[in-house]
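Data from work03.csv: CSV, C-alpha atoms and all ligand atoms
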chain,number,residue,atom,x,y,z
A,1,MET,CA,163.3,291.9,45.0
A,2,ILE,CA,159.6,291.2,45.4
A,3,ASP,CA,158.3,287.8,44.6
A,4,GLN,CA,156.7,288.0,41.2
A,5,THR,CA,154.0,285.4,41.3
A,6,MET,CA,151.4,286.8,38.9
A,7,THR,CA,151.7,288.4,35.6
A,8,ALA,CA,149.8,291.6,34.9
A,9,SER,CA,150.3,294.5,32.5
A,10,THR,CA,152.6,297.4,32.0
A,11,PRO,CA,155.3,298.5,32.6
A,12,ALA,CA,157.1,295.3,33.2
A,13,GLU,CA,156.2,291.9,34.5
A,14,SER,CA,154.1,292.9,37.5
A,15,HIS,CA,152.2,291.2,40.3
A,16,ARG,CA,149.3,292.1,42.6
A,17,THR,CA,150.0,292.5,46.2
A,18,ASP,CA,147.4,291.8,48.9
A,19,ASP,CA,145.7,295.0,47.9
A,20,PRO,CA,144.9,295.2,44.2
A,21,GLU,CA,144.5,298.9,44.4
A,22,ILE,CA,148.3,299.1,44.6
A,23,LEU,CA,150.5,297.2,42.2
A,24,GLU,CA,154.2,296.6,42.3
A,25,ALA,CA,156.5,295.5,39.5
A,26,ASP,CA,160.2,295.2,39.1
A,27,ASP,CA,162.3,295.9,36.0
A,28,GLY,CA,165.8,295.2,37.1
A,29,ALA,CA,166.6,297.6,40.0
A,30,ILE,CA,163.6,299.8,39.2
A,31,ARG,CA,160.5,299.2,41.4
A,32,THR,CA,157.3,300.6,39.9
A,33,ILE,CA,154.4,301.2,42.2
A,34,THR,CA,151.1,301.8,40.5
A,35,LEU,CA,147.9,303.4,41.9
A,36,ASN,CA,145.3,301.1,40.6
A,37,ARG,CA,141.8,302.3,41.3
A,38,PRO,CA,141.0,303.9,38.0
A,39,LYS,CA,137.2,303.8,38.3
A,40,ALA,CA,137.4,306.5,41.0
A,41,LEU,CA,140.3,308.3,39.4
A,42,ASN,CA,142.7,306.5,41.8
A,43,SER,CA,141.3,308.5,44.7
A,44,PHE,CA,142.6,307.3,48.0
A,45,THR,CA,140.7,305.0,50.4
A,46,SER,CA,142.1,304.3,53.8
A,47,THR,CA,143.2,300.8,52.7
A,48,MET,CA,144.8,302.1,49.6
A,49,LEU,CA,146.8,304.6,51.6
A,50,ASP,CA,148.0,301.9,53.9
A,51,ALA,CA,148.9,299.7,51.0
A,52,LEU,CA,150.8,302.5,49.3
A,53,ARG,CA,152.8,303.1,52.5
A,54,ALA,CA,153.5,299.4,52.8
A,55,ALA,CA,154.7,299.2,49.2
A,56,LEU,CA,157.0,302.2,49.8
A,57,GLU,CA,158.4,300.6,52.9
A,58,ARG,CA,159.0,297.3,51.0
A,59,ALA,CA,160.9,299.1,48.3
A,60,ALA,CA,162.9,301.0,50.9
A,61,ALA,CA,163.9,297.7,52.7
A,62,ASP,CA,164.8,295.9,49.4
A,63,ALA,CA,168.5,296.3,48.8
A,64,GLY,CA,168.0,295.3,45.1
A,65,VAL,CA,165.8,298.4,44.5
A,66,ARG,CA,167.7,301.5,43.3
A,67,CYS,CA,164.9,303.7,42.0
A,68,VAL,CA,161.1,303.9,42.7
A,69,VAL,CA,158.7,305.0,40.0
A,70,LEU,CA,155.2,306.0,41.1
A,71,ARG,CA,152.5,306.0,38.4
A,72,ALA,CA,148.8,305.3,38.0
A,73,SER,CA,146.3,303.3,36.0
A,74,GLY,CA,143.6,304.9,33.8
A,75,ARG,CA,142.9,308.4,32.7
A,76,ALA,CA,143.9,310.2,35.9
A,77,PHE,CA,147.0,310.1,38.2
A,78,CYS,CA,145.0,310.5,41.4
A,79,ALA,CA,142.0,312.6,42.5
A,80,GLY,CA,143.2,312.8,46.1
A,81,GLN,CA,141.2,311.7,49.0
A,82,ASP,CA,138.1,309.6,48.1
A,83,LEU,CA,135.5,312.0,49.3
A,84,SER,CA,132.8,309.3,49.5
A,85,ASP,CA,134.9,307.3,52.0
A,86,PRO,CA,132.7,307.1,55.1
A,87,GLY,CA,135.8,307.5,57.3
A,88,VAL,CA,136.2,311.1,56.2
A,89,ALA,CA,133.0,312.2,54.4
A,90,PRO,CA,130.9,314.5,56.5
A,91,ASP,CA,127.9,312.7,58.1
A,92,LEU,CA,125.0,314.8,56.8
A,93,SER,CA,122.4,313.5,59.4
A,94,PRO,CA,121.2,316.1,61.9
A,95,GLY,CA,123.4,316.3,65.0
A,96,ALA,CA,126.1,314.1,63.6
A,97,LYS,CA,129.6,314.5,65.0
A,98,PRO,CA,132.2,316.0,62.6
A,99,LYS,CA,134.9,313.6,61.4
A,100,ASP,CA,138.4,314.0,62.9
A,101,LEU,CA,140.3,314.7,59.7
A,102,GLY,CA,143.5,315.5,61.7
A,103,ALA,CA,143.5,312.0,63.1
A,104,HIS,CA,143.1,310.6,59.5
A,105,ILE,CA,146.0,312.6,58.3
A,106,GLU,CA,148.2,311.6,61.2
A,107,ALA,CA,147.3,307.9,60.9
A,108,ARG,CA,147.4,307.6,57.1
A,109,TYR,CA,148.6,310.4,54.9
A,110,ALA,CA,151.5,311.6,57.0
A,111,PRO,CA,153.2,308.2,57.5
A,112,MET,CA,152.7,307.4,53.8
A,113,VAL,CA,154.3,310.6,52.6
A,114,ARG,CA,157.0,310.4,55.2
A,115,ALA,CA,157.9,307.0,53.8
A,116,LEU,CA,158.1,308.6,50.3
A,117,ARG,CA,160.2,311.5,51.4
A,118,GLY,CA,162.6,309.3,53.4
A,119,MET,CA,163.1,306.8,50.6
A,120,PRO,CA,166.8,305.6,50.5
A,121,VAL,CA,166.6,305.7,46.7
A,122,PRO,CA,165.5,308.3,44.1
A,123,THR,CA,161.8,308.6,43.3
A,124,VAL,CA,160.1,309.5,40.1
A,125,ALA,CA,156.5,310.4,39.6
A,126,VAL,CA,155.0,309.7,36.2
A,127,VAL,CA,151.8,311.8,35.8
A,128,GLN,CA,149.5,310.9,32.9
A,129,GLY,CA,146.3,312.8,33.8
A,130,VAL,CA,144.9,315.0,36.5
A,131,ALA,CA,146.6,315.0,39.9
A,132,ALA,CA,144.4,316.7,42.4
A,133,GLY,CA,144.6,317.3,46.2
A,134,ALA,CA,146.6,314.8,48.0
A,135,GLY,CA,147.3,313.1,44.6
A,136,ALA,CA,149.0,316.3,43.3
A,137,ASN,CA,151.2,316.5,46.4
A,138,LEU,CA,152.0,312.8,46.3
A,139,ALA,CA,153.4,313.4,42.8
A,140,LEU,CA,155.2,316.6,43.8
A,141,GLY,CA,156.8,314.8,46.8
A,142,CYS,CA,158.8,312.7,44.4
A,143,ASP,CA,162.3,313.7,43.5
A,144,ILE,CA,161.6,314.0,39.8
A,145,VAL,CA,158.2,314.6,38.3
A,146,VAL,CA,157.6,314.0,34.6
A,147,ALA,CA,154.1,314.6,33.1
A,148,GLY,CA,152.4,314.1,29.9
A,149,ALA,CA,151.2,317.2,28.1
A,150,SER,CA,147.5,316.5,28.9
A,151,ALA,CA,148.3,316.1,32.6
A,152,SER,CA,147.4,318.8,35.1
A,153,PHE,CA,147.8,319.6,38.8
A,154,ILE,CA,145.1,320.9,41.1
A,155,GLN,CA,145.5,322.0,44.7
A,156,ALA,CA,141.8,321.2,45.2
A,157,PHE,CA,141.7,321.6,48.9
A,158,THR,CA,140.3,325.1,49.4
A,159,LYS,CA,137.4,324.2,47.1
A,160,ILE,CA,136.2,321.9,49.8
A,161,GLY,CA,137.2,324.0,52.8
A,162,LEU,CA,140.6,322.4,53.6
A,163,VAL,CA,144.3,323.4,53.4
A,164,PRO,CA,146.9,321.6,51.3
A,165,ASP,CA,148.1,318.4,52.9
A,166,THR,CA,150.3,315.5,52.1
A,167,GLY,CA,153.2,317.9,52.4
A,168,GLY,CA,151.8,320.5,50.1
A,169,THR,CA,152.2,323.5,52.4
A,170,TRP,CA,156.0,322.7,52.5
A,171,LEU,CA,156.5,321.5,49.0
A,172,LEU,CA,154.7,324.3,47.1
A,173,PRO,CA,156.8,327.3,48.4
A,174,HIS,CA,160.0,325.2,48.2
A,175,LEU,CA,159.2,324.4,44.5
A,176,VAL,CA,157.8,327.6,43.2
A,177,GLY,CA,158.1,330.3,45.9
A,178,ARG,CA,155.4,332.0,48.1
A,179,ALA,CA,153.5,334.0,45.5
A,180,ARG,CA,152.9,331.0,43.2
A,181,ALA,CA,152.4,328.7,46.1
A,182,LEU,CA,149.6,330.9,47.5
A,183,GLY,CA,148.1,331.4,44.0
A,184,LEU,CA,148.0,327.7,43.4
A,185,ALA,CA,146.8,326.8,46.9
A,186,MET,CA,144.3,329.5,47.4
A,187,LEU,CA,142.7,329.6,44.0
A,188,GLY,CA,142.8,325.8,43.5
A,189,ASP,CA,142.7,326.2,39.7
A,190,LYS,CA,143.8,323.5,37.3
A,191,LEU,CA,147.5,324.0,36.2
A,192,PRO,CA,148.3,322.3,32.9
A,193,ALA,CA,151.5,320.3,32.9
A,194,ARG,CA,153.2,322.6,30.4
A,195,ASP,CA,152.7,325.5,32.8
A,196,ALA,CA,153.8,323.3,35.8
A,197,GLU,CA,157.1,322.8,33.9
A,198,ARG,CA,157.4,326.5,33.0
A,199,ILE,CA,157.1,327.7,36.6
A,200,GLY,CA,159.3,324.9,38.0
A,201,LEU,CA,156.6,322.9,39.8
A,202,ILE,CA,157.8,319.8,37.9
A,203,TRP,CA,160.9,318.6,36.2
A,204,SER,CA,159.5,318.1,32.7
A,205,CYS,CA,156.5,317.8,30.5
A,206,VAL,CA,156.6,315.7,27.4
A,207,GLU,CA,154.2,314.7,24.7
A,208,ASP,CA,151.7,312.1,26.0
A,209,GLY,CA,153.0,309.5,23.6
A,210,ASP,CA,156.6,310.0,24.9
A,211,LEU,CA,155.7,309.7,28.6
A,212,ASP,CA,156.6,306.0,29.1
A,213,ALA,CA,159.9,306.3,27.2
A,214,ALA,CA,160.8,309.5,29.2
A,215,ALA,CA,160.0,307.7,32.5
A,216,ALA,CA,162.0,304.6,31.5
A,217,LYS,CA,165.0,306.7,30.5
A,218,LEU,CA,164.9,308.8,33.7
A,219,SER,CA,164.5,305.8,36.0
A,220,LYS,CA,167.2,303.8,34.3
A,221,GLN,CA,169.6,306.7,34.5
A,222,LEU,CA,168.8,307.2,38.2
A,223,ALA,CA,169.1,303.5,39.0
A,224,SER,CA,172.6,303.4,37.5
A,225,MET,CA,173.8,306.4,39.6
A,226,PRO,CA,175.4,306.5,43.1
A,227,THR,CA,172.3,306.1,45.2
A,228,GLN,CA,173.7,307.5,48.4
A,229,ALA,CA,174.9,310.6,46.7
A,230,LEU,CA,171.4,311.1,45.1
A,231,VAL,CA,169.7,310.8,48.4
A,232,ALA,CA,172.2,313.0,50.2
A,233,THR,CA,171.6,315.6,47.5
A,234,ARG,CA,167.8,315.5,48.2
A,235,GLN,CA,168.5,316.0,51.9
A,236,ALA,CA,170.9,318.9,51.3
A,237,ILE,CA,168.6,320.6,48.8
A,238,ASP,CA,165.6,320.2,51.1
A,239,LEU,CA,167.5,321.5,54.1
A,240,ALA,CA,169.3,324.5,52.5
A,241,PRO,CA,166.4,327.0,52.3
A,242,LEU,CA,165.7,326.4,56.0
A,243,THR,CA,169.2,327.3,57.1
A,244,SER,CA,171.9,330.0,56.7
A,245,PHE,CA,174.6,329.8,54.0
A,246,GLY,CA,177.1,328.9,56.6
A,247,ALA,CA,174.9,326.0,57.9
A,248,ALA,CA,174.5,324.8,54.3
A,249,LEU,CA,178.3,324.8,53.9
A,250,ASP,CA,178.6,322.8,57.2
A,251,ALA,CA,176.0,320.3,55.9
A,252,GLU,CA,177.8,319.9,52.6
A,253,ALA,CA,181.1,319.2,54.4
A,254,SER,CA,179.4,316.6,56.6
A,255,LEU,CA,177.7,314.8,53.7
A,256,GLN,CA,180.8,315.0,51.6
A,257,ARG,CA,182.8,313.4,54.4
A,258,ARG,CA,180.4,310.5,54.6
A,259,LEU,CA,180.2,310.0,50.8
A,260,GLY,CA,184.0,310.3,50.4
A,261,ASN,CA,184.3,307.2,52.5
A,262,ALA,CA,181.8,305.2,50.4
A,263,ASP,CA,182.9,302.8,47.7
A,264,ASP,CA,180.9,304.6,45.0
A,265,TYR,CA,183.2,307.6,45.3
A,266,THR,CA,186.3,305.4,44.7
A,267,GLU,CA,184.5,303.8,41.8
A,268,GLY,CA,183.4,307.1,40.3
A,269,VAL,CA,186.9,308.5,40.3
A,270,ARG,CA,188.6,305.3,39.2
A,271,ALA,CA,186.1,305.0,36.3
A,272,PHE,CA,186.8,308.6,35.3
A,273,MET,CA,190.6,308.0,35.3
A,274,ASP,CA,190.2,304.7,33.4
A,275,LYS,CA,187.9,306.4,30.9
A,276,ARG,CA,185.1,303.8,31.4
A,277,ALA,CA,181.5,303.9,32.6
A,278,PRO,CA,181.3,303.6,36.4
A,279,VAL,CA,179.5,300.7,38.1
A,280,PHE,CA,177.9,302.0,41.3
A,281,LYS,CA,176.8,299.5,43.9
A,282,ASP,CA,176.3,301.3,47.2
A,283,ARG,CA,172.8,301.8,48.5
B,1,LIG,O1,141.4,313.6,56.3
B,1,LIG,C1,141.3,313.6,55.1
B,1,LIG,O2,141.1,312.6,54.5
B,1,LIG,C2,141.4,314.9,54.4
B,1,LIG,C3,142.4,314.7,53.3
B,1,LIG,C4,142.2,315.3,52.1
B,1,LIG,C5,143.1,315.1,51.0
B,1,LIG,C6,142.6,315.5,49.7
B,1,LIG,O3,143.0,315.0,48.7
B,1,LIG,S1,141.3,316.7,49.7
B,1,LIG,C7,141.0,316.9,48.0
B,1,LIG,C8,140.1,315.8,47.5
B,1,LIG,N1,139.9,315.8,46.0
B,1,LIG,C9,139.2,316.6,45.4
B,1,LIG,O4,138.6,317.5,45.9
B,1,LIG,C10,139.1,316.4,43.9
B,1,LIG,C11,137.7,316.0,43.5
B,1,LIG,N2,137.6,315.7,42.1
B,1,LIG,C12,137.6,316.6,41.2
B,1,LIG,O5,137.7,317.8,41.4
B,1,LIG,C13,137.4,316.1,39.8
B,1,LIG,O6,136.9,314.8,39.8
B,1,LIG,C14,138.8,316.0,39.0
B,1,LIG,C15,139.2,317.5,38.7
B,1,LIG,C16,139.8,315.3,39.8
B,1,LIG,C17,138.5,315.3,37.7
B,1,LIG,O7,137.5,315.9,37.0
B,1,LIG,P1,136.8,315.1,35.7
B,1,LIG,O8,135.8,316.0,35.2
B,1,LIG,O9,137.9,314.7,34.8
B,1,LIG,O10,136.2,313.8,36.3
B,1,LIG,P2,134.8,313.7,37.2
B,1,LIG,O11,133.7,313.5,36.3
B,1,LIG,O12,134.7,314.8,38.1
B,1,LIG,O13,135.1,312.4,38.0
B,1,LIG,C18,135.0,311.0,37.5
B,1,LIG,C19,134.5,310.1,38.5
B,1,LIG,O14,135.4,310.0,39.6
B,1,LIG,C20,133.2,310.6,39.1
B,1,LIG,O15,132.4,309.5,39.5
B,1,LIG,P3,131.2,309.0,38.6
B,1,LIG,O16,130.2,310.2,38.5
B,1,LIG,O17,131.8,308.7,37.3
B,1,LIG,O18,130.6,307.9,39.3
B,1,LIG,C21,133.7,311.4,40.4
B,1,LIG,O19,132.7,311.5,41.4
B,1,LIG,C22,134.8,310.4,40.8
B,1,LIG,N3,135.8,311.1,41.6
B,1,LIG,C23,136.6,312.1,41.2
B,1,LIG,N4,137.3,312.5,42.3
B,1,LIG,C24,136.9,311.9,43.3
B,1,LIG,C25,135.9,311.0,42.9
B,1,LIG,N5,135.2,310.2,43.8
B,1,LIG,C26,135.6,310.3,45.1
B,1,LIG,N6,136.5,311.1,45.6
B,1,LIG,C27,137.2,311.9,44.7
B,1,LIG,N7,138.2,312.7,45.2

Take the structure I supplied and represent it as structure tokens, if you would.
Amino acid sequence: MIDQTMTASTPAESHRTDDPEILEADDGAIRTITLNRPKALNSFTSTMLDALRAALERAAADAGVRCVVLRASGRAFCAGQDLSDPGVAPDLSPGAKPKDLGAHIEARYAPMVRALRGMPVPTVAVVQGVAAGAGANLALGCDIVVAGASASFIQAFTKIGLVPDTGGTWLLPHLVGRARALGLAMLGDKLPARDAERIGLIWSCVEDGDLDAAAAKLSKQLASMPTQALVATRQAIDLAPLTSFGAALDAEASLQRRLGNADDYTEGVRAFMDKRAPVFKDR
């Protein structure tokens, strides 16, 4: 568990890391990582992206963490890349060289989102306002996304002449199919959370006032479940659309073989036979 040296605010006792734009807090086995740059709608600077990646890697390496919750401070979840960041903003002076956005993606966004997608524990995004550009795809990259009714999702990229990144080109068709993926990505319109739930872009949309309770319930449930099975489920579900039915059956057998050897399987079956709640410990 992280060393909690300073108290802060919600959702639990929390502390500031080296970078106050990213906060980390533990509530039992649940690690909450909070984007904390509300004055710029939590838009990403380079240091913030690096701090987020480091926070994800810390959570992954901490054997006491069984669920990671990603949330944000203020009225927005995240407005994507900070467009005023001199590292990526176009230099408007005559004859200036264009910025290498590909290098920025490779150095910062891709490692951060790889860390998220490779988490050895389940991940939950809690979206309380607008999630735009990379901010939308960061949320959609989590295993379960719960949003307040006033939240919204915007694939803002084409509006500024870019393609979806932070995994968006992969995530969108996987989540909602090609037609809706293209509609969302090409038009870049704001999608209210209720519609995001209706088309299957997110797991659930709840009343704004119920968001914290819904997030707490989900994360508590996930943290009490067999972690390895949850992560293997993510892997299998992500892989399946890219393979044949036969290959999916092979993958299921291979994962089941591994999970069948784990203590959590024994505990799950024993608890069922004993008619008691299981206590899962593997990670
Ligand atoms: O290599 C690379 O880095 C490329 C990677 C790209 C990844 C991306 O994420 S590209 C997409 C970048 N994001 C956007 O294009 C979204 C831009 N923002 C908006 O469209 C709107 O701000 C929102 C729809 C998100 C919210 O609208 P609204 O009306 O609620 O708020 P607002 O008034 O537009 O914004 C409030 C403030 O936040 C405002 O500052 P001010 O005037 O109060 O001083 C605004 O400039 C600032 N802000 C919002 N988004 C960004 C931002 N500042 C910098 N960068 C932003 N992305």

Using all atoms listed in the file, find each residue with an atom at most 7 Å away from ligand LIG 1 (chain B) and format the answer as number ranges by chain. A: 39-41, 43, 79-84, 88, 101-102, 104-105, 130-135, 156-157, 159-160, 162, 165

12 Å contact set for Pro173 (chain A), all atoms listed in the file, chain neighbours under 3 positions out, as a PyMOL selection string: chain A and resi 140+164+167-170+176-185+199-201+238+241-242

Determine, counting all atoms listed in the file, which protein, DNA and RNA residues have an atom within 12 Å of an atom of Ala61 (chain A); residues of the same chain fewer than 6 positions away are not included. Present the result as a ChimeraX atom specification. /A:1-2,31,54-55,115,118-121,283

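If you look at CA of Arg114 (chain A) and CA of Cys142 (chain A), they are 11.2 Å away from each other.
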
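Nearest residue to Ala223 (chain A), choosing from A:Ile22, A:Leu116, A:Ala29, A:Leu259 and counting all atoms listed in the file: A:Ala29.
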
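Residues with any atom within 6 Å of Gly129 (chain A), counting all atoms listed in the file and excluding same-chain neighbours fewer than 4 positions away, are A:Arg75, A:Ala76, A:Phe77, A:Ala151.
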
Using all atoms listed in the file, determine which residues lie at most 12 Å from Val65 (chain A), disregarding the query and same-chain residues fewer than 5 positions distant; provide the list as a ChimeraX atom specification. /A:1-2,24-33,56-60,119-123,219-220,222-224,227,281-283

One-decimal distance in Å that lies between CA of Val163 (chain A) and CA of Ala240 (chain A):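 One can read the CA of Ala240 (chain A) to CA of Val163 (chain A) distance as 25.0 Å.
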
When you look at Ala51 (chain A) with a cut-off of 12 Å (counting only C-alpha atoms), what residues show up, excluding the ones that are within fewer than 6 positions of it in the same chain? I need them as number ranges by chain. A: 16-24, 33-36, 44-45, 57-58, 108-109, 111-112, 115

Save the residues we just selected, C-alpha atoms, as a PDB file, keeping the file's coordinate frame?
ATOM      1  CA  ARG A  16     149.300 292.100  42.600  1.00  0.00           C
ATOM      2  CA  THR A  17     150.000 292.500  46.200  1.00  0.00           C
ATOM      3  CA  ASP A  18     147.400 291.800  48.900  1.00  0.00           C
ATOM      4  CA  ASP A  19     145.700 295.000  47.900  1.00  0.00           C
ATOM      5  CA  PRO A  20     144.900 295.200  44.200  1.00  0.00           C
ATOM      6  CA  GLU A  21     144.500 298.900  44.400  1.00  0.00           C
ATOM      7  CA  ILE A  22     148.300 299.100  44.600  1.00  0.00           C
ATOM      8  CA  LEU A  23     150.500 297.200  42.200  1.00  0.00           C
ATOM      9  CA  GLU A  24     154.200 296.600  42.300  1.00  0.00           C
ATOM     10  CA  ILE A  33     154.400 301.200  42.200  1.00  0.00           C
ATOM     11  CA  THR A  34     151.100 301.800  40.500  1.00  0.00           C
ATOM     12  CA  LEU A  35     147.900 303.400  41.900  1.00  0.00           C
ATOM     13  CA  ASN A  36     145.300 301.100  40.600  1.00  0.00           C
ATOM     14  CA  PHE A  44     142.600 307.300  48.000  1.00  0.00           C
ATOM     15  CA  THR A  45     140.700 305.000  50.400  1.00  0.00           C
ATOM     16  CA  GLU A  57     158.400 300.600  52.900  1.00  0.00           C
ATOM     17  CA  ARG A  58     159.000 297.300  51.000  1.00  0.00           C
ATOM     18  CA  ARG A 108     147.400 307.600  57.100  1.00  0.00           C
ATOM     19  CA  TYR A 109     148.600 310.400  54.900  1.00  0.00           C
ATOM     20  CA  PRO A 111     153.200 308.200  57.500  1.00  0.00           C
ATOM     21  CA  MET A 112     152.700 307.400  53.800  1.00  0.00           C
ATOM     22  CA  ALA A 115     157.900 307.000  53.800  1.00  0.00           C
TER      23      ALA A 115
END

Using all atoms listed in the file, which of A:Glu197, A:Asp274, A:Asp189, A:Asp143 sits nearest Ile237 (chain A)?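 Nearest to Ile237 (chain A): A:Asp143.
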
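Across the structure, CA of Gln221 (chain A) and CA of Arg276 (chain A) are spaced 16.1 Å apart.
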
A:Ala96, A:Ala147, A:Leu230, A:Leu171: which is nearest Val206 (chain A), counting all atoms listed in the file?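 Of A:Ala96, A:Ala147, A:Leu230, A:Leu171, the one nearest Val206 (chain A), counting all atoms listed in the file, is A:Ala147.
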